[in-house]
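Printed here is final-v5.txt (compact mmCIF, C-alpha atoms):
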# COMPACT_ATOMS: atom_id res chain seq x y z
CA SER A 1 -36.41 -11.92 55.95
CA LEU A 2 -34.31 -9.26 54.23
CA SER A 3 -35.54 -5.72 53.93
CA GLY A 4 -35.56 -3.70 50.70
CA ASN A 5 -32.33 -1.92 51.65
CA ASP A 6 -30.51 -5.23 52.23
CA ASN A 7 -31.66 -6.50 48.84
CA ASN A 8 -30.34 -3.35 47.19
CA LYS A 9 -26.98 -3.78 48.94
CA LEU A 10 -26.71 -7.39 47.78
CA ASP A 11 -27.67 -6.40 44.27
CA ASP A 12 -25.06 -3.66 44.18
CA SER A 13 -22.30 -5.91 45.52
CA SER A 14 -23.19 -8.71 43.14
CA LEU A 15 -23.15 -6.29 40.18
CA GLU A 16 -19.72 -4.99 41.18
CA ASP A 17 -18.35 -8.54 41.49
CA LEU A 18 -19.87 -9.44 38.13
CA SER A 19 -18.37 -6.38 36.44
CA GLU A 20 -14.92 -7.12 37.89
CA LEU A 21 -15.18 -10.70 36.65
CA ILE A 22 -16.17 -9.54 33.18
CA ASP A 23 -13.33 -7.01 33.06
CA ARG A 24 -10.85 -9.67 34.15
CA PHE A 25 -11.74 -12.08 31.38
CA SER A 26 -12.75 -9.69 28.56
CA SER A 27 -9.98 -7.07 28.69
CA LYS A 28 -6.27 -7.54 28.33
CA GLN A 29 -3.29 -5.37 27.59
CA THR A 30 -1.84 -5.27 24.11
CA HIS A 31 1.61 -6.59 23.37
CA SER A 32 4.23 -3.92 23.74
CA LYS A 33 5.89 -2.82 20.51
CA PRO A 34 9.36 -1.31 20.26
CA LEU A 35 9.88 2.38 19.68
CA SER A 36 11.49 1.69 16.30
CA PHE A 37 8.18 0.23 15.11
CA PHE A 38 6.37 3.52 15.70
CA TRP A 39 9.22 5.53 14.19
CA CYS A 40 9.21 3.44 11.01
CA ASN A 41 5.43 3.74 10.66
CA SER A 42 5.60 7.51 11.01
CA LEU A 43 8.06 7.87 8.12
CA VAL A 44 5.33 7.80 5.46
CA VAL A 45 3.42 10.50 7.36
CA GLY A 46 6.50 12.70 7.40
CA GLN A 47 7.10 11.86 3.76
CA GLU A 48 3.60 13.02 2.79
CA PHE A 49 4.08 16.18 4.86
CA SER A 50 7.39 16.93 3.10
CA LEU A 51 5.88 16.15 -0.30
CA THR A 52 2.99 18.54 0.32
CA CYS A 53 5.32 21.33 1.46
CA LEU A 54 7.57 20.76 -1.56
CA PHE A 55 4.57 20.90 -3.88
CA LEU A 56 3.39 24.20 -2.39
CA ARG A 57 6.91 25.68 -2.51
CA PHE A 58 7.21 24.88 -6.21
CA TRP A 59 3.92 26.65 -6.78
CA VAL A 60 5.30 29.73 -4.99
CA ALA A 61 8.39 29.61 -7.23
CA LEU A 62 6.20 29.42 -10.36
CA LEU A 63 4.09 32.32 -9.12
CA GLN A 64 7.18 34.44 -8.49
CA ARG A 65 8.45 33.69 -12.00
CA ASP A 66 5.15 34.78 -13.52
CA GLN A 67 5.10 38.00 -11.50
CA GLN A 68 8.69 38.87 -12.42
CA LEU A 69 7.97 38.16 -16.08
CA GLN A 70 4.96 40.49 -16.02
CA ASN A 71 6.98 43.23 -14.27
CA HIS A 72 9.78 43.03 -16.83
CA GLN A 73 7.34 43.08 -19.72
CA ASN A 74 5.72 46.21 -18.33
CA GLN A 75 9.04 47.97 -17.73
CA SER A 76 11.21 46.98 -20.70
CA THR A 77 11.70 44.37 -23.38
CA ARG A 78 14.88 42.94 -21.95
CA THR A 79 15.14 39.25 -21.22
CA PRO A 80 14.34 38.95 -17.51
CA THR A 81 16.64 37.27 -15.04
CA PHE A 82 14.20 35.42 -12.83
CA MET A 83 16.36 34.12 -10.03
CA ASP A 84 19.89 34.57 -8.82
CA GLU A 85 22.50 31.87 -9.27
CA ASN A 86 22.18 30.69 -5.67
CA TYR A 87 18.45 30.05 -6.01
CA GLN A 88 18.88 28.34 -9.39
CA TRP A 89 21.46 26.02 -7.85
CA ARG A 90 19.14 25.22 -4.94
CA GLU A 91 16.25 24.61 -7.31
CA THR A 92 18.33 22.23 -9.43
CA MET A 93 19.53 20.37 -6.34
CA SER A 94 15.98 20.08 -5.00
CA LEU A 95 14.71 18.67 -8.29
CA GLY A 96 17.63 16.24 -8.40
CA LEU A 97 16.89 14.90 -4.92
CA PHE A 98 13.19 14.62 -5.68
CA PHE A 99 13.65 12.71 -8.95
CA THR A 100 16.23 10.48 -7.28
CA ALA A 101 13.61 9.53 -4.69
CA LEU A 102 11.09 8.78 -7.45
CA ILE A 103 13.58 6.64 -9.36
CA VAL A 104 14.45 4.66 -6.22
CA THR A 105 10.74 4.14 -5.50
CA ILE A 106 9.94 2.87 -9.00
CA GLY A 107 13.09 0.75 -9.20
CA PHE A 108 12.59 -0.87 -5.81
CA ASN A 109 8.97 -1.53 -6.73
CA GLU A 110 9.85 -3.24 -9.99
CA LEU A 111 12.80 -5.26 -8.67
CA GLY A 112 11.34 -6.18 -5.29
CA SER A 113 9.25 -9.17 -4.29
CA GLY A 114 6.39 -7.44 -2.51
CA GLU A 115 2.67 -7.93 -2.85
CA LYS A 116 1.51 -7.71 -6.47
CA PRO A 117 -1.88 -9.45 -6.66
CA ASN A 118 -2.91 -7.48 -9.77
CA LYS A 119 0.24 -8.15 -11.75
CA GLN A 120 -0.38 -7.71 -15.46
CA PRO A 121 1.63 -8.74 -18.50
CA LYS A 122 4.17 -6.11 -19.43
CA LYS A 123 2.66 -5.41 -22.86
CA GLU A 124 -0.82 -4.96 -21.44
CA LYS A 125 0.46 -2.78 -18.61
CA ALA A 126 2.47 -0.61 -21.01
CA ARG A 127 -0.52 -0.23 -23.30
CA GLN A 128 -2.78 0.88 -20.47
CA ARG A 129 -0.17 3.33 -19.17
CA VAL A 130 0.30 4.89 -22.62
CA ILE A 131 -3.47 5.23 -23.11
CA ASP A 132 -3.91 6.79 -19.66
CA ALA A 133 -1.03 9.20 -20.21
CA LEU A 134 -2.28 10.34 -23.63
CA LEU A 135 -5.86 10.69 -22.37
CA LEU A 136 -4.91 12.74 -19.31
CA ALA A 137 -2.43 14.84 -21.27
CA GLY A 138 -5.02 15.68 -23.92
CA ILE A 139 -7.78 16.53 -21.43
CA LEU A 140 -5.51 18.70 -19.28
CA ARG A 141 -4.10 20.53 -22.28
CA LEU A 142 -7.61 21.37 -23.48
CA LEU A 143 -8.75 22.44 -20.03
CA ALA A 144 -5.63 24.45 -19.12
CA ALA A 145 -7.16 27.76 -20.21
CA VAL A 146 -10.38 26.99 -18.32
CA LEU A 147 -8.51 26.05 -15.15
CA ARG A 148 -6.38 29.19 -15.33
CA THR A 149 -9.45 31.48 -15.28
CA LEU A 150 -11.75 29.29 -13.20
CA THR A 151 -11.56 31.39 -10.02
CA ALA A 152 -10.79 34.77 -11.58
CA SER A 153 -13.68 36.39 -9.70
CA TYR A 154 -12.39 35.14 -6.33
CA SER A 155 -9.96 37.16 -4.25
CA SER A 156 -6.45 35.81 -3.84
CA ASP A 157 -6.81 35.57 -0.06
CA THR A 158 -9.86 33.32 -0.45
CA VAL A 159 -8.07 31.12 -2.97
CA TYR A 160 -4.99 30.77 -0.76
CA ALA A 161 -7.05 29.97 2.35
CA LEU A 162 -9.15 27.35 0.56
CA ALA A 163 -6.09 25.79 -1.07
CA LEU A 164 -4.28 25.56 2.26
CA PHE A 165 -7.39 24.04 3.85
CA GLY A 166 -7.55 21.48 1.04
CA MET A 167 -3.93 20.42 1.56
CA VAL A 168 -4.50 20.09 5.31
CA VAL A 169 -7.51 17.87 4.64
CA HIS A 170 -5.34 15.88 2.24
CA LEU A 171 -2.76 15.25 4.95
CA PHE A 172 -5.30 14.21 7.59
CA THR A 173 -7.36 11.91 5.33
CA CYS A 174 -4.51 10.10 3.58
CA ASP A 175 -4.57 6.32 4.12
CA TYR A 176 -1.24 5.80 5.86
CA ALA A 177 -1.93 2.12 6.55
CA TYR A 178 -2.05 1.66 2.78
CA ALA A 179 1.11 3.74 2.40
CA ASN A 180 2.90 1.45 4.86
CA GLY A 181 1.90 -1.61 2.81
CA ARG A 182 -0.47 -3.05 5.42
CA THR A 183 -3.69 -2.81 3.44
CA LYS A 184 -4.23 -5.86 1.28
CA ILE A 185 -5.10 -5.08 -2.33
CA PRO A 186 -8.21 -7.02 -3.42
CA PRO A 187 -7.66 -8.93 -6.66
CA THR A 188 -9.60 -7.62 -9.65
CA SER A 189 -12.24 -9.92 -11.12
CA VAL A 190 -11.59 -8.86 -14.71
CA ARG A 191 -8.11 -9.18 -16.19
CA ASN A 192 -8.12 -5.88 -18.08
CA ARG A 193 -9.75 -3.93 -15.28
CA ARG A 194 -7.66 -1.18 -13.73
CA PRO A 195 -7.23 -1.41 -9.93
CA ALA A 196 -9.11 1.14 -7.85
CA PHE A 197 -7.34 3.98 -6.06
CA LEU A 198 -6.83 2.89 -2.43
CA GLY A 199 -4.75 5.75 -1.04
CA GLY A 200 -7.76 7.68 0.30
CA THR A 201 -10.41 9.05 -2.03
CA MET A 202 -11.11 12.14 0.08
CA SER A 203 -7.38 12.81 0.33
CA LEU A 204 -7.03 12.70 -3.47
CA ASN A 205 -10.07 14.92 -4.01
CA ALA A 206 -8.76 17.48 -1.48
CA ALA A 207 -5.34 17.59 -3.20
CA LEU A 208 -6.89 18.06 -6.65
CA PHE A 209 -9.26 20.70 -5.27
CA ALA A 210 -6.32 22.65 -3.84
CA THR A 211 -4.40 22.25 -7.11
CA THR A 212 -7.34 23.60 -9.11
CA LEU A 213 -7.39 26.69 -6.92
CA LEU A 214 -3.63 27.22 -7.07
CA VAL A 215 -3.31 26.96 -10.87
CA SER A 216 -5.91 29.70 -11.25
CA ARG A 217 -3.27 32.19 -10.10
CA LEU A 218 -0.72 31.20 -12.74
CA SER A 219 -0.50 33.26 -15.93
CA SER A 220 0.60 30.70 -18.52
CA ASN A 221 -1.49 27.84 -19.89
CA LEU A 222 1.64 25.72 -20.30
CA THR A 223 2.58 26.29 -16.65
CA VAL A 224 -0.94 25.34 -15.56
CA TYR A 225 -0.72 22.18 -17.64
CA GLY A 226 2.62 21.13 -16.18
CA PHE A 227 1.69 21.93 -12.58
CA PHE A 228 -1.63 20.08 -12.73
CA SER A 229 0.03 17.08 -14.41
CA SER A 230 2.62 16.90 -11.64
CA SER A 231 -0.17 17.01 -9.06
CA ILE A 232 -1.86 14.00 -10.65
CA VAL A 233 1.43 12.09 -10.71
CA LEU A 234 2.28 12.89 -7.07
CA PHE A 235 -1.13 12.41 -5.46
CA GLY A 236 -2.78 10.00 -7.89
CA PHE A 237 -0.09 7.59 -9.12
CA TYR A 238 2.68 7.82 -6.53
CA PRO A 239 0.67 6.28 -3.59
CA ALA A 240 0.40 2.93 -5.42
CA ASN A 241 4.19 2.76 -5.84
CA ARG A 242 4.70 3.80 -2.22
CA HIS A 243 2.36 1.00 -1.12
CA ALA A 244 4.34 -1.49 -3.21
CA VAL A 245 7.56 -0.32 -1.55
CA GLY A 246 6.02 -0.59 1.92
CA SER A 247 4.87 -4.16 1.29
CA GLN A 248 8.43 -5.33 0.57
CA PRO A 249 10.30 -7.21 3.31
CA ASN A 250 12.72 -4.97 5.24
CA ALA A 251 11.62 -1.92 3.26
CA HIS A 252 12.03 0.57 6.11
CA TYR A 253 15.57 1.40 4.95
CA VAL A 254 14.32 2.38 1.51
CA VAL A 255 11.39 4.30 3.00
CA PHE A 256 13.84 6.16 5.23
CA TYR A 257 16.01 7.12 2.25
CA ILE A 258 13.02 8.28 0.18
CA THR A 259 11.69 10.34 3.09
CA ALA A 260 15.13 11.85 3.74
CA ALA A 261 15.58 12.74 0.05
CA ILE A 262 12.17 14.47 -0.20
CA THR A 263 12.74 16.26 3.12
CA CYS A 264 16.16 17.55 2.01
CA ALA A 265 14.67 18.63 -1.31
CA THR A 266 12.09 20.69 0.57
CA LEU A 267 14.63 22.23 2.95
CA VAL A 268 16.92 23.23 0.08
CA LEU A 269 14.10 25.02 -1.72
CA LEU A 270 12.76 26.99 1.26
CA ASP A 271 13.95 30.62 1.34
CA ARG A 272 13.21 32.09 4.73
CA ALA A 273 14.54 30.93 8.08
CA ILE A 274 11.04 30.96 9.60
CA GLU A 275 9.82 28.63 6.86
CA ARG A 276 12.63 26.18 7.53
CA PHE A 277 12.06 26.36 11.27
CA LEU A 278 8.33 25.63 10.97
CA PHE A 279 8.96 22.82 8.50
CA VAL A 280 11.58 21.15 10.72
CA LEU A 281 9.32 21.60 13.76
CA GLY A 282 6.36 19.98 12.00
CA PHE A 283 8.46 17.15 10.58
CA ALA A 284 10.08 16.43 13.96
CA THR A 285 6.70 16.43 15.66
CA ILE A 286 5.32 13.91 13.15
CA THR A 287 8.29 11.55 13.00
CA LEU A 288 9.76 11.82 16.53
CA VAL A 289 7.44 13.36 19.12
CA ALA A 290 4.16 11.71 18.10
CA PRO A 291 5.61 8.16 17.76
CA THR A 292 7.38 8.46 21.12
CA TRP A 293 4.17 9.65 22.76
CA LYS A 294 2.27 6.73 21.24
CA PHE A 295 4.96 4.34 22.47
CA LEU A 296 4.60 5.63 26.02
CA LEU A 297 0.80 5.41 25.91
CA GLN A 298 0.59 1.87 24.54
CA HIS A 299 0.83 0.38 28.05
CA ARG A 300 -2.49 2.01 28.92
CA LYS A 301 -4.26 0.48 25.95
CA LEU A 302 -6.69 -2.40 26.64
CA ILE A 303 -8.42 -4.77 24.26
CA VAL A 304 -12.03 -5.37 25.31
CA SER A 305 -13.82 -8.39 23.83
CA GLY A 306 -17.24 -9.88 24.44
Can the structure from this file be put into structure tokens for me?
Amino acid sequence: SLSGNDNNKLDDSSLEDLSELIDRFSSKQTHSKPLSFFWCNSLVVGQEFSLTCLFLRFWVALLQRDQQLQNHQNQSTRTPTFMDENYQWRETMSLGLFFTALIVTIGFNELGSGEKPNKQPKKEKARQRVIDALLLAGILRLLAAVLRTLTASYSSDTVYALALFGMVVHLFTCDYAYANGRTKIPPTSVRNRRPAFLGGTMSLNAALFATTLLVSRLSSNLTVYGFFSSSIVLFGFYPANRHAVGSQPNAHYVVFYITAAITCATLVLLDRAIERFLFVLGFATITLVAPTWKFLLQHRKLIVSG
């Protein structure tokens, strides 16, 4: 007969053999993917990072214009010269690169053959776009004065910290699988129904929250209106076009060009060397270091089933 200790030894050995057998049949390594695959997927992350930095830098430029205008009004009645010729040239070049990227995105989306399960007739689509544009324009124009004085009782440091926190949350919660064109768009059940926003609801809310805080430091209602409208276009409407571009076959060349154009537009607009250094460091970390690290770690990844 076996004693209690011998039974425990047999039980332990049998459990170890059983666990090894389960691990052998239920876990397997994933297929290795090339480094270019990770680099291409990281382009949209770098693009969103560049777009966010460009958006914040334009807000800084608008704030500087308002401050210079107020200083000149207090000192004299002369027409103020806001920026030097070098900065005006850089601002024009940055806007040109940015609008070129938007035109390429919209054109490639319209002319391509990617996934369009919710394709609508052109007349119906144009009618809905015109109604949406007029509705948003009217609401924002009426609320511009309210938004400008919404956080008047808050200190500027608090507003800047909360706005920066909101943009960081926007970057971390953005749906980059949708941006790469991998998320399938569910077809709408009603023909006239507008498709839902699939780019990350929390990401959109964080971006609009930060925009609401930032416009409260601008002095003109018209500037508030224009800045908030651009925020809605960039963070509300642009993700759908970026998804359509990502779902096209062999779209990584176009995505690379769009990302490069937005990145160059941001670099041109930055003033200080430390700003450019931090921006390049963050962009390189997102698009080069992180994908390479993920490529090296993919061999340690196991798929466990059962």
Hey, what's within 10 Å of segment 85-90 of chain A if we count all atoms listed in the file and toss same-chain stuff fewer than 6 positions away? As a PyMOL selection string, please? chain A and resi 96+265+267-271
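Between Asp157 of chain A and the candidates A:Leu214, A:Leu95, A:Val44, A:Ala273, the tightest atom-to-atom separation, counting all atoms listed in the file, involves A:Leu214.
We find atom CA of Arg217 of chain A and atom CA of Arg148 of chain A to be spaced 6.8 Å apart.
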Identify, on the basis of all atoms listed in the file, every residue whose closest approach to Ile286 of chain A does not exceed 10 Å; exclude the query and any residue fewer than 3 positions from it along the same chain; express the result as a JSON list (two decimals) with C-alpha atoms, keeping the file's coordinate frame.
[["chain", "number", "residue", "atom", "x", "y", "z"],
["A", 39, "TRP", "CA", 9.22, 5.53, 14.19],
["A", 42, "SER", "CA", 5.60, 7.51, 11.01],
["A", 43, "LEU", "CA", 8.06, 7.87, 8.12],
["A", 44, "VAL", "CA", 5.33, 7.80, 5.46],
["A", 45, "VAL", "CA", 3.42, 10.50, 7.36],
["A", 46, "GLY", "CA", 6.50, 12.70, 7.40],
["A", 47, "GLN", "CA", 7.10, 11.86, 3.76],
["A", 49, "PHE", "CA", 4.08, 16.18, 4.86],
["A", 280, "VAL", "CA", 11.58, 21.15, 10.72],
["A", 281, "LEU", "CA", 9.32, 21.60, 13.76],
["A", 282, "GLY", "CA", 6.36, 19.98, 12.00],
["A", 283, "PHE", "CA", 8.46, 17.15, 10.58],
["A", 289, "VAL", "CA", 7.44, 13.36, 19.12],
["A", 290, "ALA", "CA", 4.16, 11.71, 18.10],
["A", 291, "PRO", "CA", 5.61, 8.16, 17.76],
["A", 292, "THR", "CA", 7.38, 8.46, 21.12]]
Taking 5 positions as the minimum chain separation for residues in the same chain, which residues sit within 9 Å of segment 104-113 of chain A when counting only C-alpha atoms? Answer as a PDB file with C-alpha atoms, in the frame of the given file.
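New file around_0.pdb:
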ATOM      1  CA  PHE A  99      13.650  12.710  -8.950  1.00  0.00           C
ATOM      2  CA  TYR A 238       2.680   7.820  -6.530  1.00  0.00           C
ATOM      3  CA  ASN A 241       4.190   2.760  -5.840  1.00  0.00           C
ATOM      4  CA  ARG A 242       4.700   3.800  -2.220  1.00  0.00           C
ATOM      5  CA  ALA A 244       4.340  -1.490  -3.210  1.00  0.00           C
ATOM      6  CA  VAL A 245       7.560  -0.320  -1.550  1.00  0.00           C
ATOM      7  CA  SER A 247       4.870  -4.160   1.290  1.00  0.00           C
ATOM      8  CA  GLN A 248       8.430  -5.330   0.570  1.00  0.00           C
ATOM      9  CA  PRO A 249      10.300  -7.210   3.310  1.00  0.00           C
ATOM     10  CA  VAL A 254      14.320   2.380   1.510  1.00  0.00           C
ATOM     11  CA  VAL A 255      11.390   4.300   3.000  1.00  0.00           C
ATOM     12  CA  TYR A 257      16.010   7.120   2.250  1.00  0.00           C
ATOM     13  CA  ILE A 258      13.020   8.280   0.180  1.00  0.00           C
TER      14      ILE A 258
END
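Straight-line separation from atom CA of Leu142 of chain A to atom CA of Ala161 of chain A: 27.2 Å.
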Which polymer residues have any atom within 10 Å of an atom of Val169 of chain A, counting only C-alpha atoms, with same-chain residues fewer than 6 positions away left out, as a ChimeraX atom specification? /A:163,202-207,210
List the neighbours of Cys53 of chain A out to 10 Å using all atoms listed in the file; skip same-chain residues closer than 3 positions along the sequence, and give me the result as JSON, numbers by chain. {"A": [47, 48, 49, 50, 56, 57, 58, 59, 167, 262, 263, 266, 267, 270, 279]}
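One finds atom CA of Leu208 of chain A at 13.6 Å from atom CA of Val159 of chain A.
Remark: for Gly181 of chain A, the closest of the candidate residues A:Asn250, A:Asn71, A:Ser32, A:Gln64 is A:Asn250 (distances computed over only C-alpha atoms).
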